[in-house]
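Okay, work-v9.pdb is below, PDB, C-alpha atoms, pLDDT in the B column:
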```pdb
ATOM      1  CA  MET A   1     -23.135   2.522 -13.717  1.00 44.00           C
ATOM      2  CA  LYS A   2     -22.063   0.064 -11.057  1.00 47.00           C
ATOM      3  CA  HIS A   3     -18.599  -0.181 -12.581  1.00 44.00           C
ATOM      4  CA  LYS A   4     -18.064   3.583 -12.429  1.00 44.00           C
ATOM      5  CA  ASN A   5     -19.021   3.641  -8.752  1.00 40.00           C
ATOM      6  CA  ARG A   6     -16.592   0.829  -7.990  1.00 41.00           C
ATOM      7  CA  ARG A   7     -13.748   2.636  -9.735  1.00 40.00           C
ATOM      8  CA  GLN A   8     -14.455   5.872  -7.923  1.00 41.00           C
ATOM      9  CA  LEU A   9     -14.467   4.117  -4.559  1.00 40.00           C
ATOM     10  CA  SER A  10     -11.218   2.282  -5.217  1.00 48.00           C
ATOM     11  CA  ALA A  11      -9.406   5.152  -6.945  1.00 47.00           C
ATOM     12  CA  GLN A  12      -7.733   6.585  -3.859  1.00 56.00           C
ATOM     13  CA  GLU A  13      -8.400   6.359  -0.163  1.00 57.00           C
ATOM     14  CA  PRO A  14      -8.440   9.454   2.021  1.00 63.00           C
ATOM     15  CA  VAL A  15      -5.211   9.922   3.954  1.00 67.00           C
ATOM     16  CA  ASP A  16      -7.106   9.474   7.234  1.00 69.00           C
ATOM     17  CA  ASN A  17      -7.928   5.852   6.344  1.00 80.00           C
ATOM     18  CA  MET A  18      -4.405   4.919   5.276  1.00 88.00           C
ATOM     19  CA  PRO A  19      -2.380   2.701   7.614  1.00 93.00           C
ATOM     20  CA  GLN A  20       0.390   4.696   9.293  1.00 92.00           C
ATOM     21  CA  LYS A  21       2.580   2.171  11.144  1.00 94.00           C
ATOM     22  CA  PRO A  22       3.892  -1.212   9.934  1.00 95.00           C
ATOM     23  CA  GLU A  23       1.729  -3.029  12.489  1.00 97.00           C
ATOM     24  CA  ASP A  24      -1.500  -1.233  11.469  1.00 97.00           C
ATOM     25  CA  ILE A  25      -4.179  -3.526  10.047  1.00 97.00           C
ATOM     26  CA  PHE A  26      -6.286  -2.626   7.005  1.00 97.00           C
ATOM     27  CA  ILE A  27      -8.529  -4.431   4.525  1.00 97.00           C
ATOM     28  CA  CYS A  28      -6.517  -5.594   1.526  1.00 98.00           C
ATOM     29  CA  ARG A  29      -8.806  -5.350  -1.500  1.00 97.00           C
ATOM     30  CA  ALA A  30      -6.711  -7.658  -3.700  1.00 97.00           C
ATOM     31  CA  ARG A  31      -6.612 -10.475  -1.136  1.00 97.00           C
ATOM     32  CA  ARG A  32      -9.967  -9.646   0.496  1.00 97.00           C
ATOM     33  CA  MET A  33      -8.465 -10.089   3.956  1.00 97.00           C
ATOM     34  CA  ASN A  34      -7.195  -8.046   6.872  1.00 98.00           C
ATOM     35  CA  LYS A  35      -3.446  -7.532   6.502  1.00 98.00           C
ATOM     36  CA  THR A  36      -0.784  -5.435   8.192  1.00 98.00           C
ATOM     37  CA  LEU A  37       0.953  -2.596   6.404  1.00 98.00           C
ATOM     38  CA  ASN A  38       4.233  -4.473   6.854  1.00 98.00           C
ATOM     39  CA  PHE A  39       2.823  -7.525   5.012  1.00 98.00           C
ATOM     40  CA  CYS A  40       1.558  -5.274   2.223  1.00 98.00           C
ATOM     41  CA  LEU A  41       4.820  -3.392   1.735  1.00 98.00           C
ATOM     42  CA  ILE A  42       6.985  -6.526   1.730  1.00 98.00           C
ATOM     43  CA  ASN A  43       4.779  -8.405  -0.719  1.00 98.00           C
ATOM     44  CA  TYR A  44       4.183  -5.388  -2.978  1.00 98.00           C
ATOM     45  CA  VAL A  45       7.893  -4.587  -3.287  1.00 98.00           C
ATOM     46  CA  ASP A  46       8.882  -8.243  -3.802  1.00 98.00           C
ATOM     47  CA  ALA A  47       6.194  -8.869  -6.433  1.00 98.00           C
ATOM     48  CA  ASN A  48       7.144  -5.796  -8.442  1.00 98.00           C
ATOM     49  CA  ALA A  49      10.921  -6.001  -8.001  1.00 98.00           C
ATOM     50  CA  PHE A  50      11.033  -9.634  -9.128  1.00 98.00           C
ATOM     51  CA  SER A  51       8.053  -9.421 -11.566  1.00 98.00           C
ATOM     52  CA  ILE A  52       6.080 -12.114  -9.741  1.00 97.00           C
ATOM     53  CA  LYS A  53       2.924 -11.765 -11.817  1.00 97.00           C
ATOM     54  CA  ARG A  54       0.993 -14.600 -10.152  1.00 97.00           C
ATOM     55  CA  THR A  55       0.579 -12.737  -6.887  1.00 96.00           C
ATOM     56  CA  PRO A  56      -2.275 -10.262  -6.385  1.00 97.00           C
ATOM     57  CA  CYS A  57       0.327  -7.798  -5.088  1.00 98.00           C
ATOM     58  CA  TYR A  58       1.848  -7.343  -8.567  1.00 98.00           C
ATOM     59  CA  ARG A  59       0.996  -3.798  -9.714  1.00 97.00           C
ATOM     60  CA  CYS A  60      -1.567  -3.458  -6.912  1.00 98.00           C
ATOM     61  CA  PRO A  61      -2.871   0.145  -6.763  1.00 98.00           C
ATOM     62  CA  GLN A  62      -3.575  -0.115  -3.034  1.00 98.00           C
ATOM     63  CA  GLY A  63      -0.038  -1.393  -2.398  1.00 98.00           C
ATOM     64  CA  LEU A  64       1.355   1.502  -4.419  1.00 97.00           C
ATOM     65  CA  GLN A  65      -0.666   4.005  -2.381  1.00 97.00           C
ATOM     66  CA  ASN A  66       0.454   2.389   0.881  1.00 97.00           C
ATOM     67  CA  ARG A  67       4.097   2.487  -0.211  1.00 96.00           C
ATOM     68  CA  GLN A  68       3.930   6.123  -1.313  1.00 95.00           C
ATOM     69  CA  HIS A  69       2.128   7.234   1.838  1.00 95.00           C
ATOM     70  CA  PHE A  70       4.499   5.288   4.089  1.00 94.00           C
ATOM     71  CA  GLY A  71       7.509   6.768   2.265  1.00 91.00           C
ATOM     72  CA  GLU A  72       6.172  10.307   2.568  1.00 90.00           C
ATOM     73  CA  SER A  73       5.461   9.907   6.274  1.00 85.00           C
ATOM     74  CA  ALA A  74       8.970   8.519   6.853  1.00 80.00           C
ATOM     75  CA  LYS A  75      10.699  11.515   5.226  1.00 77.00           C
ATOM     76  CA  GLY A  76      10.548  13.494   8.459  1.00 69.00           C
ATOM     77  CA  ASP A  77      12.209  10.662  10.400  1.00 66.00           C
ATOM     78  CA  TYR A  78      15.534  11.059   8.590  1.00 61.00           C
ATOM     79  CA  ASP A  79      17.609  13.946   9.869  1.00 60.00           C
ATOM     80  CA  GLY A  80      20.094  13.916   6.965  1.00 61.00           C
ATOM     81  CA  ASP A  81      23.158  13.830   9.219  1.00 59.00           C
ATOM     82  CA  ARG A  82      25.667  11.209   8.059  1.00 57.00           C
ATOM     83  CA  THR A  83      28.659  11.074  10.358  1.00 54.00           C
TER      84      THR A  83
END
```

Show me this structure written as structure tokens.
Amino acid sequence: MKHKNRRQLSAQEPVDNMPQKPEDIFICRARRMNKTLNFCLINYVDANAFSIKRTPCYRCPQGLQNRQHFGESAKGDYDGDRT
């Protein structure tokens, strides 16, 4: 039963608890440390783009959630005007 509870807790964080800005600090579950969103995004993208399997950021579900949430929040920042 303990394993099911752990999976439910780590499945997906509520949007309110997600870091919003690159300088926001959150608890990284893979590294068990406080990290900034910027650190997370850089290391997650590098680990997966270059298949660096030794890093805890490779295929990290929390890193994926952070990247998706950050990308969705940035959609409104682009006005679409290319001149």

Nearest to A:Ile42, chosen from A:Arg54, A:Arg29, A:Arg67, A:Lys21, with all atoms listed in the file counted in the distances
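Checking each candidate against A:Ile42, we get A:Arg67 as the closest.
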
Would you compute the box with edges along x, y and z of the file around stretch 26-33 of chain A, including every atom the file lists for it and 6 Å extra on each side, and give its centre and edge lengths in Å to one decimal, as AutoDock Vina command-line options?
```
--center_x -8.1 --center_y -6.6 --center_z 1.7 --size_x 15.7 --size_y 19.8 --size_z 22.7
```

Surrounding residues of A:Tyr44 excluding itself and chain neighbours under 2 positions, 7 Å, all atoms listed in the file, as a list in words:
Cys40, Leu41, Ile42, Asp46, Ala47, Asn48, Cys57, Tyr58 and Gly63 of chain A

So the first atom is atom CA of A:Asn34 and the second is atom CA of A:Cys60; what is the distance between them in Å, to one decimal place?
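Atom CA of A:Cys60 lies at a distance of 15.6 Å from atom CA of A:Asn34.
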
Tell me, in Å to one decimal, how far atom CA of A:Gln65 is from atom CA of A:Pro22.
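Taking atom CA of A:Gln65 and atom CA of A:Pro22, their separation equals 14.1 Å.
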
What do you get, as number ranges by chain, if you spell out every residue that the PyMOL selection byres ((chain A and resi 19) around 10) selects here?
A: 15-18, 20-27, 36-38, 66, 69-70

Missing atoms in stretch 47-66 of chain A should be modelled up to N, CA and C atoms and reported as a PDB file, in the coordinates of the input.
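That gives us part_20.pdb:
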```
ATOM      1  N   ALA A  47       6.913  -8.503  -5.206  1.00 98.00           N
ATOM      2  CA  ALA A  47       6.194  -8.869  -6.433  1.00 98.00           C
ATOM      3  C   ALA A  47       6.606  -7.986  -7.602  1.00 98.00           C
ATOM      4  N   ASN A  48       6.803  -6.713  -7.359  1.00 98.00           N
ATOM      5  CA  ASN A  48       7.144  -5.796  -8.442  1.00 98.00           C
ATOM      6  C   ASN A  48       8.640  -5.777  -8.752  1.00 98.00           C
ATOM      7  N   ALA A  49       9.479  -5.981  -7.764  1.00 98.00           N
ATOM      8  CA  ALA A  49      10.921  -6.001  -8.001  1.00 98.00           C
ATOM      9  C   ALA A  49      11.338  -7.248  -8.779  1.00 98.00           C
ATOM     10  N   PHE A  50      10.685  -8.370  -8.481  1.00 98.00           N
ATOM     11  CA  PHE A  50      11.033  -9.634  -9.128  1.00 98.00           C
ATOM     12  C   PHE A  50      10.028 -10.046 -10.204  1.00 98.00           C
ATOM     13  N   SER A  51       9.090  -9.168 -10.545  1.00 98.00           N
ATOM     14  CA  SER A  51       8.053  -9.421 -11.566  1.00 98.00           C
ATOM     15  C   SER A  51       7.315 -10.737 -11.326  1.00 98.00           C
ATOM     16  N   ILE A  52       6.857 -10.924 -10.091  1.00 97.00           N
ATOM     17  CA  ILE A  52       6.080 -12.114  -9.741  1.00 97.00           C
ATOM     18  C   ILE A  52       4.626 -11.816 -10.085  1.00 97.00           C
ATOM     19  N   LYS A  53       4.230 -12.156 -11.296  1.00 97.00           N
ATOM     20  CA  LYS A  53       2.924 -11.765 -11.817  1.00 97.00           C
ATOM     21  C   LYS A  53       1.779 -12.607 -11.277  1.00 97.00           C
ATOM     22  N   ARG A  54       2.053 -13.731 -10.666  1.00 97.00           N
ATOM     23  CA  ARG A  54       0.993 -14.600 -10.152  1.00 97.00           C
ATOM     24  C   ARG A  54       0.393 -14.110  -8.842  1.00 97.00           C
ATOM     25  N   THR A  55       1.070 -13.237  -8.171  1.00 96.00           N
ATOM     26  CA  THR A  55       0.579 -12.737  -6.887  1.00 96.00           C
ATOM     27  C   THR A  55      -0.359 -11.548  -7.101  1.00 96.00           C
ATOM     28  N   PRO A  56      -1.382 -11.418  -6.255  1.00 97.00           N
ATOM     29  CA  PRO A  56      -2.275 -10.262  -6.385  1.00 97.00           C
ATOM     30  C   PRO A  56      -1.588  -8.940  -6.037  1.00 97.00           C
ATOM     31  N   CYS A  57      -0.403  -9.009  -5.463  1.00 98.00           N
ATOM     32  CA  CYS A  57       0.327  -7.798  -5.088  1.00 98.00           C
ATOM     33  C   CYS A  57       1.043  -7.153  -6.275  1.00 98.00           C
ATOM     34  N   TYR A  58       1.166  -7.876  -7.384  1.00 98.00           N
ATOM     35  CA  TYR A  58       1.848  -7.343  -8.567  1.00 98.00           C
ATOM     36  C   TYR A  58       1.023  -6.202  -9.150  1.00 98.00           C
ATOM     37  N   ARG A  59       1.634  -5.025  -9.211  1.00 97.00           N
ATOM     38  CA  ARG A  59       0.996  -3.798  -9.714  1.00 97.00           C
ATOM     39  C   ARG A  59      -0.315  -3.470  -8.994  1.00 97.00           C
ATOM     40  N   CYS A  60      -0.370  -3.735  -7.721  1.00 98.00           N
ATOM     41  CA  CYS A  60      -1.567  -3.458  -6.912  1.00 98.00           C
ATOM     42  C   CYS A  60      -1.656  -1.954  -6.637  1.00 98.00           C
ATOM     43  N   PRO A  61      -2.763  -1.299  -7.003  1.00 98.00           N
ATOM     44  CA  PRO A  61      -2.871   0.145  -6.763  1.00 98.00           C
ATOM     45  C   PRO A  61      -2.923   0.495  -5.279  1.00 98.00           C
ATOM     46  N   GLN A  62      -3.516  -0.371  -4.472  1.00 98.00           N
ATOM     47  CA  GLN A  62      -3.575  -0.115  -3.034  1.00 98.00           C
ATOM     48  C   GLN A  62      -2.178  -0.251  -2.420  1.00 98.00           C
ATOM     49  N   GLY A  63      -1.411  -1.231  -2.866  1.00 98.00           N
ATOM     50  CA  GLY A  63      -0.038  -1.393  -2.398  1.00 98.00           C
ATOM     51  C   GLY A  63       0.829  -0.203  -2.775  1.00 98.00           C
ATOM     52  N   LEU A  64       0.620   0.314  -3.977  1.00 97.00           N
ATOM     53  CA  LEU A  64       1.355   1.502  -4.419  1.00 97.00           C
ATOM     54  C   LEU A  64       1.022   2.698  -3.540  1.00 97.00           C
ATOM     55  N   GLN A  65      -0.251   2.897  -3.248  1.00 97.00           N
ATOM     56  CA  GLN A  65      -0.666   4.005  -2.381  1.00 97.00           C
ATOM     57  C   GLN A  65      -0.066   3.849  -0.994  1.00 97.00           C
ATOM     58  N   ASN A  66      -0.113   2.631  -0.449  1.00 97.00           N
ATOM     59  CA  ASN A  66       0.454   2.389   0.881  1.00 97.00           C
ATOM     60  C   ASN A  66       1.946   2.694   0.892  1.00 97.00           C
TER      61      ASN A  66
END
```
